[in-house]
Each structure stands twice: as C-alpha cells, then as structure tokens.
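Listing of protein.json, JSON, C-alpha atoms
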[["chain", "number", "residue", "atom", "x", "y", "z"],
["A", 295, "MET", "CA", -68.40, 16.78, 217.62],
["A", 296, "ARG", "CA", -68.29, 13.09, 218.47],
["A", 297, "ARG", "CA", -68.26, 12.19, 214.78],
["A", 298, "GLY", "CA", -65.46, 14.67, 214.15],
["A", 299, "ALA", "CA", -63.38, 13.27, 217.01],
["A", 300, "VAL", "CA", -63.82, 9.72, 215.71],
["A", 301, "SER", "CA", -62.86, 10.74, 212.17],
["A", 302, "TYR", "CA", -59.56, 12.21, 213.40],
["A", 303, "LEU", "CA", -58.80, 9.31, 215.74],
["A", 304, "PRO", "CA", -56.52, 7.58, 213.15],
["A", 305, "LEU", "CA", -54.23, 10.63, 213.23],
["A", 306, "LEU", "CA", -53.90, 10.36, 217.00],
["A", 307, "ILE", "CA", -53.21, 6.64, 216.72],
["A", 308, "LEU", "CA", -50.52, 7.31, 214.10],
["A", 309, "ALA", "CA", -48.86, 9.89, 216.34],
["A", 310, "ALA", "CA", -48.92, 7.45, 219.27],
["A", 311, "LEU", "CA", -47.41, 4.68, 217.13],
["A", 312, "TRP", "CA", -44.74, 7.06, 215.91],
["A", 313, "GLU", "CA", -43.77, 7.86, 219.50],
["A", 314, "LEU", "CA", -43.92, 4.21, 220.55],
["A", 315, "VAL", "CA", -41.75, 2.69, 217.82],
["A", 316, "THR", "CA", -39.02, 5.28, 218.35],
["A", 317, "ARG", "CA", -39.06, 5.03, 222.15],
["A", 318, "LEU", "CA", -38.86, 1.23, 221.97],
["A", 319, "GLY", "CA", -35.95, 1.39, 219.55],
["A", 320, "LEU", "CA", -37.83, -0.35, 216.74],
["A", 321, "VAL", "CA", -36.76, 2.51, 214.47],
["A", 322, "SER", "CA", -33.51, 4.41, 214.84],
["A", 323, "ARG", "CA", -33.98, 7.90, 216.29],
["A", 324, "ALA", "CA", -31.38, 9.12, 213.81],
["A", 325, "LEU", "CA", -33.83, 8.23, 211.04],
["A", 326, "LEU", "CA", -37.08, 9.10, 212.81],
["A", 327, "PRO", "CA", -37.01, 11.32, 215.91],
["A", 328, "PRO", "CA", -39.75, 10.70, 218.49],
["A", 329, "PHE", "CA", -42.97, 12.59, 217.88],
["A", 330, "SER", "CA", -42.62, 14.45, 221.18],
["A", 331, "VAL", "CA", -39.13, 15.64, 220.21],
["A", 332, "VAL", "CA", -40.48, 16.86, 216.88],
["A", 333, "LEU", "CA", -43.21, 18.80, 218.71],
["A", 334, "VAL", "CA", -40.56, 20.45, 220.91],
["A", 335, "ALA", "CA", -38.60, 21.45, 217.80],
["A", 336, "LEU", "CA", -41.83, 22.79, 216.28],
["A", 337, "ALA", "CA", -42.44, 24.92, 219.38],
["A", 338, "HIS", "CA", -38.89, 26.33, 219.20],
["A", 339, "MET", "CA", -39.32, 27.19, 215.50],
["A", 340, "LEU", "CA", -42.59, 28.94, 216.25],
["A", 341, "ALA", "CA", -40.96, 30.86, 219.08],
["A", 342, "ASP", "CA", -37.97, 32.09, 217.07],
["A", 343, "GLY", "CA", -40.15, 32.95, 214.07],
["A", 344, "SER", "CA", -38.25, 30.84, 211.54],
["A", 345, "LEU", "CA", -41.33, 28.77, 210.71],
["A", 346, "LEU", "CA", -43.55, 31.79, 210.10],
["A", 347, "ARG", "CA", -40.88, 33.58, 208.05],
["A", 348, "ASN", "CA", -40.71, 30.65, 205.66],
["A", 349, "ALA", "CA", -44.39, 29.67, 205.69],
["A", 350, "VAL", "CA", -45.69, 33.07, 204.56],
["A", 351, "PRO", "CA", -43.75, 33.28, 201.24],
["A", 352, "SER", "CA", -44.60, 29.63, 200.49],
["A", 353, "LEU", "CA", -48.32, 30.18, 200.99],
["A", 354, "LEU", "CA", -48.27, 33.40, 198.95],
["A", 355, "ARG", "CA", -46.59, 31.61, 196.03],
["A", 356, "GLY", "CA", -48.96, 28.68, 196.25],
["A", 357, "ALA", "CA", -52.02, 30.93, 196.44],
["A", 358, "ALA", "CA", -50.87, 33.05, 193.49],
["A", 359, "GLY", "CA", -50.17, 30.06, 191.25],
["A", 360, "LEU", "CA", -53.43, 28.35, 192.23],
["A", 361, "ALA", "CA", -55.51, 31.48, 191.70],
["A", 362, "LEU", "CA", -54.07, 32.00, 188.21],
["A", 363, "ALA", "CA", -54.69, 28.35, 187.38],
["A", 364, "ILE", "CA", -58.32, 28.56, 188.52],
["A", 365, "VAL", "CA", -59.04, 31.61, 186.38],
["A", 366, "ALA", "CA", -57.26, 30.36, 183.26],
["A", 367, "GLY", "CA", -58.32, 26.73, 183.72],
["A", 368, "PHE", "CA", -61.98, 27.56, 184.11],
["A", 369, "GLY", "CA", -61.92, 29.72, 180.98],
["A", 370, "LEU", "CA", -60.11, 27.08, 178.92],
["A", 371, "GLY", "CA", -62.26, 24.22, 180.20],
["A", 372, "ALA", "CA", -65.53, 26.06, 179.60],
["A", 373, "GLY", "CA", -64.37, 27.17, 176.15],
["A", 374, "MET", "CA", -63.43, 23.60, 175.19],
["A", 375, "ALA", "CA", -66.76, 22.28, 176.46],
["A", 376, "LEU", "CA", -68.95, 24.86, 174.72],
["A", 377, "LEU", "CA", -67.08, 25.78, 171.51],
["A", 378, "PRO", "CA", -66.07, 23.04, 169.05],
["A", 379, "ARG", "CA", -63.42, 25.19, 167.37],
["A", 380, "PHE", "CA", -61.93, 26.09, 170.74],
["A", 381, "ARG", "CA", -61.85, 22.40, 171.63],
["A", 382, "ALA", "CA", -60.17, 21.52, 168.34],
["A", 383, "ALA", "CA", -57.49, 24.14, 168.95],
["A", 384, "PHE", "CA", -56.68, 23.43, 172.61],
["A", 385, "GLY", "CA", -57.77, 19.81, 173.10],
["A", 386, "PRO", "CA", -54.61, 18.25, 171.58],
["A", 387, "LEU", "CA", -52.40, 20.56, 173.67],
["A", 388, "VAL", "CA", -54.15, 19.50, 176.88],
["A", 389, "GLN", "CA", -53.91, 15.81, 175.95],
["A", 390, "ALA", "CA", -50.21, 16.11, 175.15],
["A", 391, "PHE", "CA", -49.39, 18.10, 178.28],
["A", 392, "TYR", "CA", -51.44, 15.99, 180.71],
["A", 393, "PRO", "CA", -49.04, 13.00, 181.20],
["A", 394, "LEU", "CA", -45.94, 15.20, 181.55],
["A", 395, "PRO", "CA", -44.60, 15.25, 185.15],
["A", 396, "LYS", "CA", -44.73, 18.92, 186.06],
["A", 397, "THR", "CA", -41.58, 18.73, 188.18],
["A", 398, "ALA", "CA", -39.71, 17.94, 184.94],
["A", 399, "LEU", "CA", -40.37, 21.56, 183.97],
["A", 400, "VAL", "CA", -38.23, 22.93, 186.82],
["A", 401, "PRO", "CA", -35.02, 23.31, 184.74],
["A", 402, "LEU", "CA", -36.93, 24.94, 181.89],
["A", 403, "VAL", "CA", -38.74, 27.32, 184.24],
["A", 404, "MET", "CA", -35.40, 28.22, 185.84],
["A", 405, "VAL", "CA", -33.92, 29.10, 182.44],
["A", 406, "TRP", "CA", -36.93, 31.15, 181.35],
["A", 407, "PHE", "CA", -37.88, 32.91, 184.59],
["A", 408, "GLY", "CA", -34.76, 32.81, 186.75],
["A", 409, "LEU", "CA", -34.60, 31.87, 190.42],
["A", 410, "GLY", "CA", -37.13, 34.32, 191.84],
["A", 411, "ASP", "CA", -40.74, 33.95, 192.88],
["A", 412, "THR", "CA", -41.97, 34.14, 189.29],
["A", 413, "ALA", "CA", -40.45, 30.76, 188.44],
["A", 414, "LYS", "CA", -42.15, 29.07, 191.39],
["A", 415, "ILE", "CA", -45.52, 30.68, 190.68],
["A", 416, "VAL", "CA", -45.32, 29.65, 187.02],
["A", 417, "LEU", "CA", -44.50, 26.05, 187.97],
["A", 418, "ILE", "CA", -47.42, 25.91, 190.43],
["A", 419, "PHE", "CA", -49.68, 27.49, 187.82],
["A", 420, "LEU", "CA", -48.76, 24.92, 185.17],
["A", 421, "GLY", "CA", -49.23, 22.01, 187.57],
["A", 422, "CYS", "CA", -52.62, 23.21, 188.81],
["A", 423, "LEU", "CA", -53.96, 24.24, 185.41],
["A", 424, "LEU", "CA", -54.86, 20.83, 183.98],
["A", 425, "PRO", "CA", -57.02, 19.56, 186.87],
["A", 426, "VAL", "CA", -59.09, 22.74, 186.66],
["A", 427, "ILE", "CA", -59.42, 22.46, 182.87],
["A", 428, "LEU", "CA", -60.44, 18.82, 182.98],
["A", 429, "GLY", "CA", -62.84, 19.27, 185.88],
["A", 430, "THR", "CA", -64.58, 22.17, 184.15],
["A", 431, "TYR", "CA", -64.66, 20.45, 180.76],
["A", 432, "ASN", "CA", -65.94, 17.12, 182.07],
["A", 433, "GLY", "CA", -68.48, 18.82, 184.29],
["A", 434, "ILE", "CA", -70.04, 20.94, 181.56],
["A", 435, "ARG", "CA", -69.91, 18.20, 178.93],
["A", 436, "GLY", "CA", -71.53, 15.77, 181.35],
["A", 437, "VAL", "CA", -74.64, 17.88, 181.95],
["A", 438, "ASP", "CA", -77.82, 16.14, 180.86],
["A", 439, "HIS", "CA", -78.94, 17.64, 177.53],
["A", 440, "VAL", "CA", -82.56, 17.38, 178.64],
["A", 441, "LEU", "CA", -81.89, 20.10, 181.21],
["A", 442, "VAL", "CA", -80.50, 22.40, 178.53],
["A", 443, "TRP", "CA", -83.34, 21.69, 176.10],
["A", 444, "SER", "CA", -85.92, 22.27, 178.82],
["A", 445, "ALA", "CA", -84.40, 25.63, 179.74],
["A", 446, "ARG", "CA", -84.20, 26.73, 176.12],
["A", 447, "SER", "CA", -87.82, 25.68, 175.48],
["A", 448, "LEU", "CA", -88.87, 27.93, 178.37],
["A", 449, "GLY", "CA", -87.17, 30.91, 176.74],
["A", 450, "ALA", "CA", -83.84, 30.97, 178.54],
["A", 451, "SER", "CA", -81.00, 32.72, 176.72],
["A", 452, "ARG", "CA", -77.57, 31.15, 176.24],
["A", 453, "ARG", "CA", -76.25, 33.21, 179.12],
["A", 454, "ASP", "CA", -79.13, 32.09, 181.35],
["A", 455, "VAL", "CA", -78.51, 28.45, 180.40],
["A", 456, "LEU", "CA", -74.84, 28.80, 181.28],
["A", 457, "ARG", "CA", -75.47, 30.54, 184.59],
["A", 458, "GLU", "CA", -78.61, 28.72, 185.79],
["A", 459, "VAL", "CA", -78.21, 25.23, 184.28],
["A", 460, "LEU", "CA", -74.71, 24.33, 183.12],
["A", 461, "LEU", "CA", -72.65, 25.80, 185.96],
["A", 462, "PRO", "CA", -74.76, 24.44, 188.86],
["A", 463, "ALA", "CA", -75.01, 20.99, 187.25],
["A", 464, "ALA", "CA", -71.27, 20.94, 186.48],
["A", 465, "MET", "CA", -70.23, 22.30, 189.87],
["A", 466, "PRO", "CA", -69.44, 18.90, 191.49],
["A", 467, "GLN", "CA", -66.90, 18.04, 188.78],
["A", 468, "ILE", "CA", -65.50, 21.56, 188.79],
["A", 469, "LEU", "CA", -64.96, 21.40, 192.55],
["A", 470, "ILE", "CA", -63.23, 18.03, 192.23],
["A", 471, "GLY", "CA", -60.81, 19.60, 189.77],
["A", 472, "LEU", "CA", -60.22, 22.55, 192.10],
["A", 473, "ARG", "CA", -59.61, 20.25, 195.06],
["A", 474, "THR", "CA", -57.05, 18.25, 193.08],
["A", 475, "ALA", "CA", -55.38, 21.49, 191.98],
["A", 476, "THR", "CA", -55.12, 22.61, 195.61],
["A", 477, "ALA", "CA", -53.25, 19.42, 196.50],
["A", 478, "PHE", "CA", -50.96, 19.89, 193.49],
["A", 479, "ALA", "CA", -50.24, 23.46, 194.62],
["A", 480, "PHE", "CA", -48.73, 22.22, 197.90],
["A", 481, "LEU", "CA", -46.79, 19.48, 196.12],
["A", 482, "LEU", "CA", -45.26, 21.80, 193.54],
["A", 483, "MET", "CA", -44.69, 24.56, 196.10],
["A", 484, "VAL", "CA", -42.40, 22.29, 198.12],
["A", 485, "ALA", "CA", -40.78, 20.72, 195.05],
["A", 486, "SER", "CA", -39.89, 24.09, 193.54],
["A", 487, "GLU", "CA", -38.55, 25.49, 196.82],
["A", 488, "LEU", "CA", -36.34, 22.48, 197.37],
["A", 489, "ILE", "CA", -34.53, 23.31, 194.13],
["A", 490, "ILE", "CA", -34.82, 27.02, 193.37],
["A", 491, "ALA", "CA", -35.34, 29.05, 196.55],
["A", 492, "ASN", "CA", -33.60, 30.77, 199.41],
["A", 493, "ASN", "CA", -36.69, 30.83, 201.63],
["A", 494, "GLY", "CA", -39.96, 28.97, 202.03],
["A", 495, "LEU", "CA", -40.95, 25.72, 203.71],
["A", 496, "GLY", "CA", -39.42, 23.56, 200.99],
["A", 497, "PHE", "CA", -36.13, 25.42, 201.31],
["A", 498, "LEU", "CA", -36.35, 25.08, 205.11],
["A", 499, "ILE", "CA", -36.86, 21.32, 204.88],
["A", 500, "GLY", "CA", -33.88, 20.93, 202.55],
["A", 501, "SER", "CA", -31.54, 23.12, 204.57],
["A", 502, "LEU", "CA", -32.45, 21.47, 207.89],
["A", 503, "GLY", "CA", -31.92, 18.03, 206.37],
["A", 504, "ASP", "CA", -28.51, 19.06, 205.04],
["A", 505, "ASP", "CA", -27.56, 20.32, 208.52],
["A", 506, "GLY", "CA", -28.70, 17.11, 210.19],
["A", 507, "ALA", "CA", -31.38, 18.91, 212.25],
["A", 508, "TYR", "CA", -33.87, 16.10, 211.74],
["A", 509, "PRO", "CA", -36.36, 16.97, 214.52],
["A", 510, "ALA", "CA", -36.72, 20.48, 213.06],
["A", 511, "MET", "CA", -36.91, 19.03, 209.54],
["A", 512, "PHE", "CA", -39.76, 16.75, 210.56],
["A", 513, "ALA", "CA", -41.41, 19.72, 212.28],
["A", 514, "ALA", "CA", -41.35, 21.60, 208.98],
["A", 515, "ILE", "CA", -42.78, 18.55, 207.20],
["A", 516, "LEU", "CA", -45.55, 18.35, 209.79],
["A", 517, "THR", "CA", -46.28, 22.02, 209.17],
["A", 518, "ILE", "CA", -46.69, 21.42, 205.44],
["A", 519, "THR", "CA", -48.91, 18.43, 206.17],
["A", 520, "ALA", "CA", -51.06, 20.42, 208.60],
["A", 521, "LEU", "CA", -51.44, 23.35, 206.19],
["A", 522, "GLY", "CA", -52.42, 21.01, 203.36],
["A", 523, "PHE", "CA", -54.87, 19.22, 205.62],
["A", 524, "LEU", "CA", -56.47, 22.48, 206.74],
["A", 525, "ALA", "CA", -56.71, 23.69, 203.14],
["A", 526, "ASP", "CA", -58.40, 20.44, 202.09],
["A", 527, "ARG", "CA", -60.85, 20.56, 205.03],
["A", 528, "GLY", "CA", -61.65, 24.18, 204.25],
["A", 529, "PHE", "CA", -62.23, 23.33, 200.62],
["A", 530, "ALA", "CA", -64.46, 20.40, 201.59],
["A", 531, "ALA", "CA", -66.54, 22.75, 203.76],
["A", 532, "LEU", "CA", -66.79, 25.27, 200.91],
["A", 533, "SER", "CA", -67.86, 22.51, 198.52],
["A", 534, "ALA", "CA", -70.55, 21.34, 200.91],
["A", 535, "HIS", "CA", -71.82, 24.92, 201.16],
["A", 536, "LEU", "CA", -71.87, 25.46, 197.39],
["A", 537, "LEU", "CA", -73.59, 22.13, 196.77],
["A", 538, "ARG", "CA", -76.10, 22.35, 199.59],
["A", 539, "TRP", "CA", -78.91, 22.69, 197.03],
["A", 540, "ARG", "CA", -78.39, 19.01, 196.07],
["A", 541, "THR", "CA", -79.76, 17.84, 199.43]]

Whole structure given in structure tokens:
Amino acid sequence: MRRGAVSYLPLLILAALWELVTRLGLVSRALLPPFSVVLVALAHMLADGSLLRNAVPSLLRGAAGLALAIVAGFGLGAGMALLPRFRAAFGPLVQAFYPLPKTALVPLVMVWFGLGDTAKIVLIFLGCLLPVILGTYNGIRGVDHVLVWSARSLGASRRDVLREVLLPAAMPQILIGLRTATAFAFLLMVASELIIANNGLGFLIGSLGDDGAYPAMFAAILTITALGFLADRGFAALSAHLLRWRT
C-alpha cells in the first residue's frame, strides 16, 4: 500500500500545482479553471447524469472496436508469423498501412459507413488492429527455435507446439501490442466523437468547449483520463497474472 501511494504521489502533486497556479493568477482561469472548480463541475455532471449518459456509449464503442481488433489482429499476426505465403500476401499491406495516421480515415469512414456507431467502431478497429498484428507477429517470430525443436523432438504436434511453446513464449510481446491498442482505442474514440457523433465523451468535450463551459469540459477530459488510466492499470494487472509463470 505504501508503494502504491508513493507511485501515485506525482498525480497528487500535479493536481496541487494545477490548483496553485490558477489561484495565484499565474495562469488565466479563463484558460485553465482551478482544479477544485473542475471537481465541483464533475460532481454536478455526475449528479445530473450527463456524464454517465455520454460515457456508456463511448465505452461500448471503444470496447467493440478493440475486441474486433484483438480477434482479427491475433489471427493475422499469427498467420503472418507461421505461414510464409500468408506473410507474403498480407505483409506489404501491413507495412503500407502502418505509417498512415488513422484519424485521416475519418472522412472516408464517414462516407462509407455514415454518421452512426458503425463508423466509430470501424475507425477504432482500424487504429487498434496494427499494434495487435505487430505484437503477435514479433512475439511468435522472436521465439527461440531451440524451444520449438526441443518440443518437436519430444513428440509434440504442431498444435501442441503452438499452444504450449509459441503462445506462452510470445505472450509478453502480444500483451505489449494489446496494451498499445487499448491506448489507441481511447484516442480514436474521442477523436471520432469530436467529429461524427451526437453523444459520447468526445462529443461532450466538444460541445462544452463550444459553449464556453470550461470547468465542465475539463471535468469530461479528466473523466477520459481516469478511464484510460484505470483501463491501463487493469491491463497491467492482467498481464502480471498471465505472465506470473516467468517469476
């Protein structure tokens, strides 16, 4: 508990500095409301239900896009790592698509899928897909061949090698890809809702900013930050559980 408190101490210091610089007038309150004022606005939004009404659809879209990306990305990454013909077919597509900023696809996604939830889920899916593919591919390709040869010499089938050797040894890289994809899901969730939505946290941030309700806008931003932080901490705990055999 003491270690955990110390690790989160920088967040408390940041909040205190935020309050201090605004109260002392070092930063205009019109640009940055005091932290305490933002907390009051957050409490009001929780009380009237506006925060929950917009958080739920955002999280559902993010979860749907991320889940699809995990399933498809793992299959594509494993196929590219294990099958040369599969790698020859999909490798160039992955390399070409990797440097493209995924937010640049927003206009195209709008044209193809309209302004509904499908467009946002597709955008999140496309943004999260590549980290999962690359994590799976690099993890499986990086497994020591001696482990595979040893398992095969002991009579293990290809399926046994995949399940008992390749996947456990590749799991650290796979989890890194999944963790990166989780962060991208929050990023693209907000980006898509800022442009093509009539609800969600991204839409809420944009509409509050347009109305000049900056304390409430910062409260919504803090909510996104907190949800992303909790998702990352939860994923870190899951990773530690899945990789406990390494210790």

>> Residues within 12 Å of Arg317 (chain A), please, as a list in words. Count all atoms listed in the file; anything in the same chain fewer than 2 positions from it doesn't count.
In response: Ala310, Leu311, Trp312, Glu313, Leu314, Val315, Gly319, Leu320, Val321, Ser322, Arg323, Leu326, Pro327, Pro328, Phe329, Ser330 and Val331 of chain A

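Around region 486-494 of chain A, within 8 Å and counting all atoms listed in the file, the residues found are Arg347, Asn348, Ala349, Val350, Pro351, Ser352, Thr397, Val400, Met404, Leu409, Gly410, Lys414, Leu417, Leu482, Leu498, Ile499 and Gly500 of chain A, once anything fewer than 4 positions away on its own chain is removed.
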
Could you save the residues just selected, with C-alpha atoms, as a PDB file, keeping the file's coordinate frame?
ATOM      1  CA  ARG A 347     -40.880  33.580 208.050  1.00  0.00           C
ATOM      2  CA  ASN A 348     -40.710  30.650 205.660  1.00  0.00           C
ATOM      3  CA  ALA A 349     -44.390  29.670 205.690  1.00  0.00           C
ATOM      4  CA  VAL A 350     -45.690  33.070 204.560  1.00  0.00           C
ATOM      5  CA  PRO A 351     -43.750  33.280 201.240  1.00  0.00           C
ATOM      6  CA  SER A 352     -44.600  29.630 200.490  1.00  0.00           C
ATOM      7  CA  THR A 397     -41.580  18.730 188.180  1.00  0.00           C
ATOM      8  CA  VAL A 400     -38.230  22.930 186.820  1.00  0.00           C
ATOM      9  CA  MET A 404     -35.400  28.220 185.840  1.00  0.00           C
ATOM     10  CA  LEU A 409     -34.600  31.870 190.420  1.00  0.00           C
ATOM     11  CA  GLY A 410     -37.130  34.320 191.840  1.00  0.00           C
ATOM     12  CA  LYS A 414     -42.150  29.070 191.390  1.00  0.00           C
ATOM     13  CA  LEU A 417     -44.500  26.050 187.970  1.00  0.00           C
ATOM     14  CA  LEU A 482     -45.260  21.800 193.540  1.00  0.00           C
ATOM     15  CA  LEU A 498     -36.350  25.080 205.110  1.00  0.00           C
ATOM     16  CA  ILE A 499     -36.860  21.320 204.880  1.00  0.00           C
ATOM     17  CA  GLY A 500     -33.880  20.930 202.550  1.00  0.00           C
TER      18      GLY A 500
END

> Of the candidates A:Asp526, A:Asp411, A:Asp342, A:Asp454, which shows the shortest atom-to-atom distance to Phe478 (chain A), using only C-alpha atoms?
Replying inline: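 The answer is A:Asp526, which sits nearest to Phe478 (chain A).
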
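Using only C-alpha atoms, the nearest neighbour of Leu345 (chain A) within the list A:Ile518, A:Ala525, A:Ser533, A:Trp539 is A:Ile518.
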
> So what do you get for CA of Ala398 (chain A) versus CA of Leu481 (chain A), distance-wise?
Replying inline: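 That distance, rounded to one decimal, is 13.3 Å.
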
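Distances from A:Leu423, A:Val455, A:Leu495, A:Val440 to Arg355 (chain A) were compared using all atoms listed in the file, and the smallest one belongs to A:Leu495.
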
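You can rank A:Cys422, A:Gly496, A:Thr412, A:Thr316 by their closest distance to Phe368 (chain A) using only C-alpha atoms, and at the top of that list sits A:Cys422.
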
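In this comparison, which uses all atoms listed in the file, the residue of A:Gly385, A:Pro378, A:Pro304, A:Pro425 approaching Ala366 (chain A) most closely is A:Pro425.
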
> If we count only C-alpha atoms, what is near Ile418 (chain A) at a cut-off of 6 Å, once residues fewer than 3 positions away on the same chain are taken out, given as a ChimeraX atom specification?
Replying inline: /A:359,415,421,479,482

>> I'd like the interatomic distance between CA of Leu360 (chain A) and CA of Phe419 (chain A), to a tenth of an Å.
In response: 5.9 Å

>> What's the separation between CA of Pro509 (chain A) and CA of Leu353 (chain A), in Å to one decimal place?
In response: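 Going from CA of Pro509 (chain A) over to CA of Leu353 (chain A), I get 22.4 Å.
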
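Of the residues listed (A:Gly528, A:Pro462, A:Gly506, A:Gly343), A:Gly528 shows the shortest atom-to-atom separation from Thr476 (chain A); distances use all atoms listed in the file.
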
With the input short on atoms, add N, CA and C atoms back to region 385-399 of chain A and write it as a PDB file, in the frame of the given file.
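Result went into rebuild32.pdb, see below:
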ATOM      1  N   GLY A 385     -57.664  21.184 172.630  1.00  0.00           N
ATOM      2  CA  GLY A 385     -57.770  19.810 173.100  1.00  0.00           C
ATOM      3  C   GLY A 385     -56.491  19.000 172.931  1.00  0.00           C
ATOM      4  N   PRO A 386     -55.872  19.009 171.746  1.00  0.00           N
ATOM      5  CA  PRO A 386     -54.610  18.250 171.580  1.00  0.00           C
ATOM      6  C   PRO A 386     -53.495  18.728 172.500  1.00  0.00           C
ATOM      7  N   LEU A 387     -53.428  20.043 172.774  1.00  0.00           N
ATOM      8  CA  LEU A 387     -52.400  20.560 173.670  1.00  0.00           C
ATOM      9  C   LEU A 387     -52.596  20.029 175.095  1.00  0.00           C
ATOM     10  N   VAL A 388     -53.850  20.010 175.536  1.00  0.00           N
ATOM     11  CA  VAL A 388     -54.150  19.500 176.880  1.00  0.00           C
ATOM     12  C   VAL A 388     -53.812  18.022 176.967  1.00  0.00           C
ATOM     13  N   GLN A 389     -54.181  17.251 175.942  1.00  0.00           N
ATOM     14  CA  GLN A 389     -53.910  15.810 175.950  1.00  0.00           C
ATOM     15  C   GLN A 389     -52.416  15.520 175.932  1.00  0.00           C
ATOM     16  N   ALA A 390     -51.653  16.329 175.222  1.00  0.00           N
ATOM     17  CA  ALA A 390     -50.210  16.110 175.150  1.00  0.00           C
ATOM     18  C   ALA A 390     -49.519  16.520 176.443  1.00  0.00           C
ATOM     19  N   PHE A 391     -50.030  17.569 177.085  1.00  0.00           N
ATOM     20  CA  PHE A 391     -49.390  18.100 178.280  1.00  0.00           C
ATOM     21  C   PHE A 391     -49.769  17.323 179.533  1.00  0.00           C
ATOM     22  N   TYR A 392     -50.902  16.627 179.502  1.00  0.00           N
ATOM     23  CA  TYR A 392     -51.440  15.990 180.710  1.00  0.00           C
ATOM     24  C   TYR A 392     -50.473  14.967 181.331  1.00  0.00           C
ATOM     25  N   PRO A 393     -49.878  14.023 180.548  1.00  0.00           N
ATOM     26  CA  PRO A 393     -49.040  13.000 181.200  1.00  0.00           C
ATOM     27  C   PRO A 393     -47.647  13.483 181.592  1.00  0.00           C
ATOM     28  N   LEU A 394     -47.282  14.701 181.241  1.00  0.00           N
ATOM     29  CA  LEU A 394     -45.940  15.200 181.550  1.00  0.00           C
ATOM     30  C   LEU A 394     -45.805  15.494 183.039  1.00  0.00           C
ATOM     31  N   PRO A 395     -44.821  14.893 183.737  1.00  0.00           N
ATOM     32  CA  PRO A 395     -44.600  15.250 185.150  1.00  0.00           C
ATOM     33  C   PRO A 395     -44.201  16.717 185.246  1.00  0.00           C
ATOM     34  N   LYS A 396     -44.944  17.474 186.026  1.00  0.00           N
ATOM     35  CA  LYS A 396     -44.730  18.920 186.060  1.00  0.00           C
ATOM     36  C   LYS A 396     -43.395  19.292 186.699  1.00  0.00           C
ATOM     37  N   THR A 397     -42.885  18.435 187.595  1.00  0.00           N
ATOM     38  CA  THR A 397     -41.580  18.730 188.180  1.00  0.00           C
ATOM     39  C   THR A 397     -40.463  18.665 187.146  1.00  0.00           C
ATOM     40  N   ALA A 398     -40.710  17.981 186.012  1.00  0.00           N
ATOM     41  CA  ALA A 398     -39.710  17.940 184.940  1.00  0.00           C
ATOM     42  C   ALA A 398     -39.526  19.303 184.295  1.00  0.00           C
ATOM     43  N   LEU A 399     -40.457  20.222 184.548  1.00  0.00           N
ATOM     44  CA  LEU A 399     -40.370  21.560 183.970  1.00  0.00           C
ATOM     45  C   LEU A 399     -39.491  22.499 184.785  1.00  0.00           C
TER      46      LEU A 399
END
